[in-house]
Amino acid sequence: MSAQFADEVGENIRRLAEASDLPQKSLDWMMAVGATGKYPYNFSWLGRPIIQYPQDMVAMQELIWSIKPDLIIETGIAHGGSLVFSASTLALLDLGDAIATGNTIDPKASSRKALGIDIDIRAHNRVAIEAHPMASRIQMIEGSSVAPDTIAQVQEEVKNYRRILVCLDSNHTHDHVLAELEAYAPLVTKDSYCVEFDTLIEDMPEGSFPDRPWGKGDNPRTAVDAFLGKTNRFEVDTAMDAKLQISVAPGGYLKCVAD
Ligand SMILES: C[S@@+](CC[C@H](N)C(=O)[O-])C[C@H]1O[C@@H](n2cnc3c(N)ncnc32)[C@H](O)[C@@H]1O
């Protein structure tokens, strides 16, 4: 990107950040589409259902391409769409490296991996993920993300990697997310990110999730606020929030600013 183009984009984002009426308009739009059904369920990535907004997928692609992690840790696998998304973007990093160096690559051999954790990996989802062309870059752990045994397995795994990005998208209660942040955010390497999904719940009206244990006052945003009160290692990427406008993770793109 030329310096002039980057300046233009920076200016766009600055103007968006200053448009104080836009967050409410974005929320109104998200509430309106949400009222028709489960809008984030409408999408798939390379054939696997992914429960995300397209804007957040683009944001994740930008982060992965710029950070170039060798390990992405994700809590919350569901159908595997976000895990395949991470693995496929890591595969593109491998391809980019091969093109840049002129080396040929074994498409199934990679030093990069997407590690997913879910308390309940449904058999049909596991079969489909393991049969996916990206499977060689995927590892799955079944167990609660906050169980000591799961955390110990992940801590063992990270010893093999140098640049680590974390995405948290499992149980959205305050206590669970805070426990996840305390377990997984320390694994994030400097200049990488810990992305906390569904912080938007805090902005939604009381009673929006009658069949869920989370809601206003008890959700990923309240957990992120509590976590940021205890650490100086992470800062909210407010420019990401401004440029996305439509996102389930406002205030959830946490940049790691210290070792
Ligand atoms: C919103 S879905 C994940 C969506 C996925 N990241 C995607 O974008 O397609 C949440 C997942 O979290 C899992 N989950 C719930 N509680 C959990 C826990 N304690 N530990 C790990 N995973 C959990 C659920 O089984 C479910 O598959």
# chains A, B, ... in the order shown; residues from 1 in each chain; ligands from 1

call {"tool": "residues_near_ligand", "arguments": {"ligand": "ligand 1", "cutoff": "8 Å", "atoms": "only C-alpha atoms and all ligand atoms", "output": "JSON, numbers by chain"}}
result
{"A": [49, 50, 51, 52, 74, 75, 76, 77, 78, 79, 80, 81, 82, 83, 117, 118, 119, 120, 121, 142, 143, 144, 145, 146, 147, 168, 169, 170, 171, 172, 176]}

call {"tool": "select_by_dssp", "arguments": {"residues": "segment 70-257 of chain A", "states": "strand (DSSP E)", "output": "ChimeraX atom specification"}}
result
/A:71-75,113-118,138-142,164-168,193-196,234-236,253-256

call {"tool": "atom_distance", "arguments": {"atom1": "atom CA of Thr150 of chain A", "atom2": "atom CA of Leu187 of chain A"}}
result
13.9 Å

call {"tool": "atom_distance", "arguments": {"atom1": "atom CA of Pro220 of chain A", "atom2": "atom CA of Val177 of chain A"}}
result
5.9 Å

call {"tool": "residues_around", "arguments": {"residues": "segment 88-98 of chain A", "least_positions_apart": "2", "cutoff": "8 Å", "atoms": "only C-alpha atoms", "output": "list in words"}}
result
Gln61, Ile64, Trp65, Lys68, Pro69, Asp70, Val84, Phe85, Ser86, Ala100, Thr101, Gly102, Asn103, Thr104, Ile105, Ser110, Arg112, Lys113, Ala114, Met134 and Arg137 of chain A

call {"tool": "residues_around", "arguments": {"residues": "Ala239 of chain A", "least_positions_apart": "3", "cutoff": "8 Å", "atoms": "only C-alpha atoms", "output": "ChimeraX atom specification"}}
result
/A:13-14,17,242-243

call {"tool": "residues_around", "arguments": {"residues": "Leu115 of chain A", "least_positions_apart": "5", "cutoff": "8 Å", "atoms": "only C-alpha atoms", "output": "list in words"}}
result
Leu71, Ile72, Ile73, Glu74, Leu83, Ile138, Gln139, Met140 and Ile141 of chain A

call {"tool": "closest_residue", "arguments": {"among": "A:Pro205, A:Ala6, A:Tyr161, A:Met57", "to": "Asp28 of chain A", "atoms": "only C-alpha atoms"}}
result
A:Pro205

call {"tool": "select_by_dssp", "arguments": {"residues": "segment 71-160 of chain A", "states": "alpha helix (DSSP H)", "output": "PyMOL selection string"}}
result
chain A and resi 81-101+123-131+148-158

call {"tool": "atom_distance", "arguments": {"atom1": "atom CA of Asn12 of chain A", "atom2": "atom CA of Gly252 of chain A"}}
result
21.0 Å

call {"tool": "residues_around", "arguments": {"residues": "Pro54 of chain A", "least_positions_apart": "5", "cutoff": "10 Å", "atoms": "only C-alpha atoms", "output": "short mmCIF file (atom, residue, chain, number, x, y, z; two decimals) with N, CA and C atoms, in the first residue's frame"}}
result
data_model
loop_
_atom_site.label_atom_id
_atom_site.label_comp_id
_atom_site.auth_asym_id
_atom_site.auth_seq_id
_atom_site.Cartn_x
_atom_site.Cartn_y
_atom_site.Cartn_z
N PRO A 40 -25.51 -14.29 11.93
CA PRO A 40 -24.13 -14.78 11.77
C PRO A 40 -24.04 -16.26 11.38
N ASN A 42 -25.39 -17.38 8.74
CA ASN A 42 -25.65 -17.45 7.31
C ASN A 42 -24.43 -17.74 6.46
N PHE A 43 -23.24 -17.79 7.08
CA PHE A 43 -22.01 -17.78 6.28
C PHE A 43 -21.20 -19.07 6.46
N SER A 44 -20.35 -19.31 5.46
CA SER A 44 -19.44 -20.45 5.58
C SER A 44 -18.07 -20.03 5.06
N ALA A 59 -11.42 -8.56 9.24
CA ALA A 59 -10.49 -8.05 10.26
C ALA A 59 -9.49 -9.14 10.65
N MET A 60 -9.98 -10.37 10.82
CA MET A 60 -9.08 -11.46 11.22
C MET A 60 -8.05 -11.73 10.11
N ILE A 246 -19.47 -2.37 11.87
CA ILE A 246 -20.33 -3.53 12.10
C ILE A 246 -19.42 -4.65 12.59
N SER A 247 -19.59 -5.07 13.84
CA SER A 247 -18.71 -6.08 14.42
C SER A 247 -19.36 -6.64 15.68
#

call {"tool": "residues_around", "arguments": {"residues": "Pro213 of chain A", "least_positions_apart": "5", "cutoff": "12 Å", "atoms": "only C-alpha atoms", "output": "VMD selection string"}}
result
chain A and resid 171 to 176 201 207 to 208 218 to 219

call {"tool": "write_last_selection", "arguments": {"atoms": "N, CA and C atoms", "output": "PDB file, in the first residue's frame"}}
result
ATOM      1  N   ASN A 171     -17.947 -19.944  25.747  1.00  0.00           N
ATOM      2  CA  ASN A 171     -19.011 -19.549  26.676  1.00  0.00           C
ATOM      3  C   ASN A 171     -18.832 -18.044  26.962  1.00  0.00           C
ATOM      4  N   HIS A 172     -19.907 -17.268  26.846  1.00  0.00           N
ATOM      5  CA  HIS A 172     -19.765 -15.809  26.902  1.00  0.00           C
ATOM      6  C   HIS A 172     -20.074 -15.190  28.266  1.00  0.00           C
ATOM      7  N   THR A 173     -20.090 -15.987  29.335  1.00  0.00           N
ATOM      8  CA  THR A 173     -20.321 -15.358  30.648  1.00  0.00           C
ATOM      9  C   THR A 173     -19.059 -14.621  31.105  1.00  0.00           C
ATOM     10  N   HIS A 174     -19.256 -13.643  31.973  1.00  0.00           N
ATOM     11  CA  HIS A 174     -18.139 -12.850  32.512  1.00  0.00           C
ATOM     12  C   HIS A 174     -17.069 -13.768  33.124  1.00  0.00           C
ATOM     13  N   ASP A 175     -17.498 -14.650  34.029  1.00  0.00           N
ATOM     14  CA  ASP A 175     -16.519 -15.467  34.755  1.00  0.00           C
ATOM     15  C   ASP A 175     -15.737 -16.368  33.816  1.00  0.00           C
ATOM     16  N   HIS A 176     -16.445 -16.962  32.848  1.00  0.00           N
ATOM     17  CA  HIS A 176     -15.757 -17.866  31.924  1.00  0.00           C
ATOM     18  C   HIS A 176     -14.753 -17.092  31.057  1.00  0.00           C
ATOM     19  N   ILE A 201     -22.529  -7.964  23.240  1.00  0.00           N
ATOM     20  CA  ILE A 201     -23.661  -8.323  24.116  1.00  0.00           C
ATOM     21  C   ILE A 201     -23.950  -7.203  25.117  1.00  0.00           C
ATOM     22  N   GLY A 207     -32.271  -8.535  28.430  1.00  0.00           N
ATOM     23  CA  GLY A 207     -33.205  -9.597  28.036  1.00  0.00           C
ATOM     24  C   GLY A 207     -33.038 -10.081  26.612  1.00  0.00           C
ATOM     25  N   SER A 208     -31.936  -9.687  25.941  1.00  0.00           N
ATOM     26  CA  SER A 208     -31.736 -10.107  24.548  1.00  0.00           C
ATOM     27  C   SER A 208     -31.420 -11.591  24.423  1.00  0.00           C
ATOM     28  N   ASP A 218     -22.986  -9.126  32.250  1.00  0.00           N
ATOM     29  CA  ASP A 218     -22.343 -10.442  32.462  1.00  0.00           C
ATOM     30  C   ASP A 218     -21.997 -11.018  31.090  1.00  0.00           C
ATOM     31  N   ASN A 219     -20.869 -10.601  30.548  1.00  0.00           N
ATOM     32  CA  ASN A 219     -20.558 -10.955  29.148  1.00  0.00           C
ATOM     33  C   ASN A 219     -19.084 -10.662  28.837  1.00  0.00           C
TER      34      ASN A 219
END

call {"tool": "decode", "arguments": {"residues": "segment 48-59 of chain A", "atoms": "all heavy atoms", "output": "mmCIF file, in the first residue's frame"}}
result
data_model
loop_
_atom_site.group_PDB
_atom_site.id
_atom_site.type_symbol
_atom_site.label_atom_id
_atom_site.label_comp_id
_atom_site.auth_asym_id
_atom_site.auth_seq_id
_atom_site.Cartn_x
_atom_site.Cartn_y
_atom_site.Cartn_z
ATOM 1 N N ARG A 48 -17.240 -24.798 5.430
ATOM 2 C CA ARG A 48 -17.659 -25.055 6.816
ATOM 3 C C ARG A 48 -18.425 -23.844 7.363
ATOM 4 O O ARG A 48 -17.960 -22.705 7.218
ATOM 5 C CB ARG A 48 -16.451 -25.320 7.735
ATOM 6 C CG ARG A 48 -15.701 -26.601 7.485
ATOM 7 C CD ARG A 48 -16.597 -27.824 7.431
ATOM 8 N NE ARG A 48 -17.326 -28.071 8.677
ATOM 9 C CZ ARG A 48 -18.489 -28.747 8.736
ATOM 10 N NH1 ARG A 48 -19.055 -29.232 7.656
ATOM 11 N NH2 ARG A 48 -19.074 -28.950 9.905
ATOM 12 N N PRO A 49 -19.562 -24.080 8.015
ATOM 13 C CA PRO A 49 -20.287 -22.956 8.616
ATOM 14 C C PRO A 49 -19.406 -22.211 9.620
ATOM 15 O O PRO A 49 -18.738 -22.838 10.463
ATOM 16 C CB PRO A 49 -21.460 -23.641 9.336
ATOM 17 C CG PRO A 49 -21.634 -24.952 8.639
ATOM 18 C CD PRO A 49 -20.248 -25.375 8.220
ATOM 19 N N ILE A 50 -19.405 -20.890 9.487
ATOM 20 C CA ILE A 50 -18.632 -20.036 10.409
ATOM 21 C C ILE A 50 -19.617 -19.068 11.045
ATOM 22 O O ILE A 50 -20.425 -18.452 10.350
ATOM 23 C CB ILE A 50 -17.479 -19.311 9.671
ATOM 24 C CG1 ILE A 50 -16.675 -18.404 10.613
ATOM 25 C CG2 ILE A 50 -17.972 -18.513 8.455
ATOM 26 C CD1 ILE A 50 -15.376 -17.883 10.006
ATOM 27 N N ILE A 51 -19.576 -18.971 12.369
ATOM 28 C CA ILE A 51 -20.566 -18.150 13.076
ATOM 29 C C ILE A 51 -19.931 -16.792 13.375
ATOM 30 O O ILE A 51 -19.514 -16.504 14.503
ATOM 31 C CB ILE A 51 -21.043 -18.873 14.359
ATOM 32 C CG1 ILE A 51 -21.500 -20.296 14.021
ATOM 33 C CG2 ILE A 51 -22.182 -18.075 15.013
ATOM 34 C CD1 ILE A 51 -21.802 -21.165 15.242
ATOM 35 N N GLN A 52 -19.783 -15.999 12.335
ATOM 36 C CA GLN A 52 -19.151 -14.681 12.460
ATOM 37 C C GLN A 52 -19.811 -13.712 11.499
ATOM 38 O O GLN A 52 -20.430 -14.124 10.520
ATOM 39 C CB GLN A 52 -17.652 -14.766 12.104
ATOM 40 C CG GLN A 52 -16.810 -15.629 13.018
ATOM 41 C CD GLN A 52 -16.702 -15.100 14.430
ATOM 42 O OE1 GLN A 52 -17.143 -13.985 14.719
ATOM 43 N NE2 GLN A 52 -16.153 -15.900 15.322
ATOM 44 N N TYR A 53 -19.613 -12.424 11.746
ATOM 45 C CA TYR A 53 -19.980 -11.413 10.771
ATOM 46 C C TYR A 53 -18.858 -11.334 9.730
ATOM 47 O O TYR A 53 -17.666 -11.433 10.095
ATOM 48 C CB TYR A 53 -20.089 -10.044 11.452
ATOM 49 C CG TYR A 53 -21.447 -9.732 12.020
ATOM 50 C CD1 TYR A 53 -22.123 -10.639 12.823
ATOM 51 C CD2 TYR A 53 -22.052 -8.512 11.746
ATOM 52 C CE1 TYR A 53 -23.367 -10.345 13.335
ATOM 53 C CE2 TYR A 53 -23.295 -8.202 12.265
ATOM 54 C CZ TYR A 53 -23.945 -9.127 13.061
ATOM 55 O OH TYR A 53 -25.172 -8.823 13.568
ATOM 56 N N PRO A 54 -19.205 -11.106 8.449
ATOM 57 C CA PRO A 54 -18.151 -10.982 7.427
ATOM 58 C C PRO A 54 -17.117 -9.914 7.768
ATOM 59 O O PRO A 54 -15.922 -10.089 7.496
ATOM 60 C CB PRO A 54 -18.943 -10.617 6.161
ATOM 61 C CG PRO A 54 -20.289 -11.222 6.382
ATOM 62 C CD PRO A 54 -20.559 -11.092 7.859
ATOM 63 N N GLN A 55 -17.547 -8.809 8.374
ATOM 64 C CA GLN A 55 -16.573 -7.755 8.720
ATOM 65 C C GLN A 55 -15.495 -8.287 9.656
ATOM 66 O O GLN A 55 -14.318 -7.947 9.519
ATOM 67 C CB GLN A 55 -17.282 -6.571 9.391
ATOM 68 C CG GLN A 55 -18.045 -5.680 8.442
ATOM 69 C CD GLN A 55 -19.450 -6.214 8.180
ATOM 70 O OE1 GLN A 55 -19.780 -7.357 8.491
ATOM 71 N NE2 GLN A 55 -20.264 -5.379 7.588
ATOM 72 N N ASP A 56 -15.905 -9.085 10.636
ATOM 73 C CA ASP A 56 -14.907 -9.621 11.572
ATOM 74 C C ASP A 56 -13.976 -10.626 10.880
ATOM 75 O O ASP A 56 -12.809 -10.733 11.250
ATOM 76 C CB ASP A 56 -15.603 -10.252 12.788
ATOM 77 C CG ASP A 56 -16.224 -9.193 13.693
ATOM 78 O OD1 ASP A 56 -15.524 -8.207 14.018
ATOM 79 O OD2 ASP A 56 -17.402 -9.334 14.069
ATOM 80 N N MET A 57 -14.509 -11.335 9.866
ATOM 81 C CA MET A 57 -13.626 -12.247 9.119
ATOM 82 C C MET A 57 -12.541 -11.451 8.384
ATOM 83 O O MET A 57 -11.373 -11.847 8.366
ATOM 84 C CB MET A 57 -14.428 -13.057 8.090
ATOM 85 C CG MET A 57 -15.455 -13.983 8.691
ATOM 86 S SD MET A 57 -16.328 -14.830 7.335
ATOM 87 C CE MET A 57 -17.955 -15.007 8.066
ATOM 88 N N VAL A 58 -12.944 -10.338 7.778
ATOM 89 C CA VAL A 58 -11.950 -9.512 7.071
ATOM 90 C C VAL A 58 -10.928 -8.973 8.066
ATOM 91 O O VAL A 58 -9.711 -8.952 7.798
ATOM 92 C CB VAL A 58 -12.634 -8.362 6.297
ATOM 93 C CG1 VAL A 58 -11.597 -7.405 5.723
ATOM 94 C CG2 VAL A 58 -13.495 -8.931 5.172
ATOM 95 N N ALA A 59 -11.419 -8.560 9.237
ATOM 96 C CA ALA A 59 -10.491 -8.050 10.265
ATOM 97 C C ALA A 59 -9.491 -9.139 10.654
ATOM 98 O O ALA A 59 -8.287 -8.868 10.785
ATOM 99 C CB ALA A 59 -11.276 -7.586 11.490
#
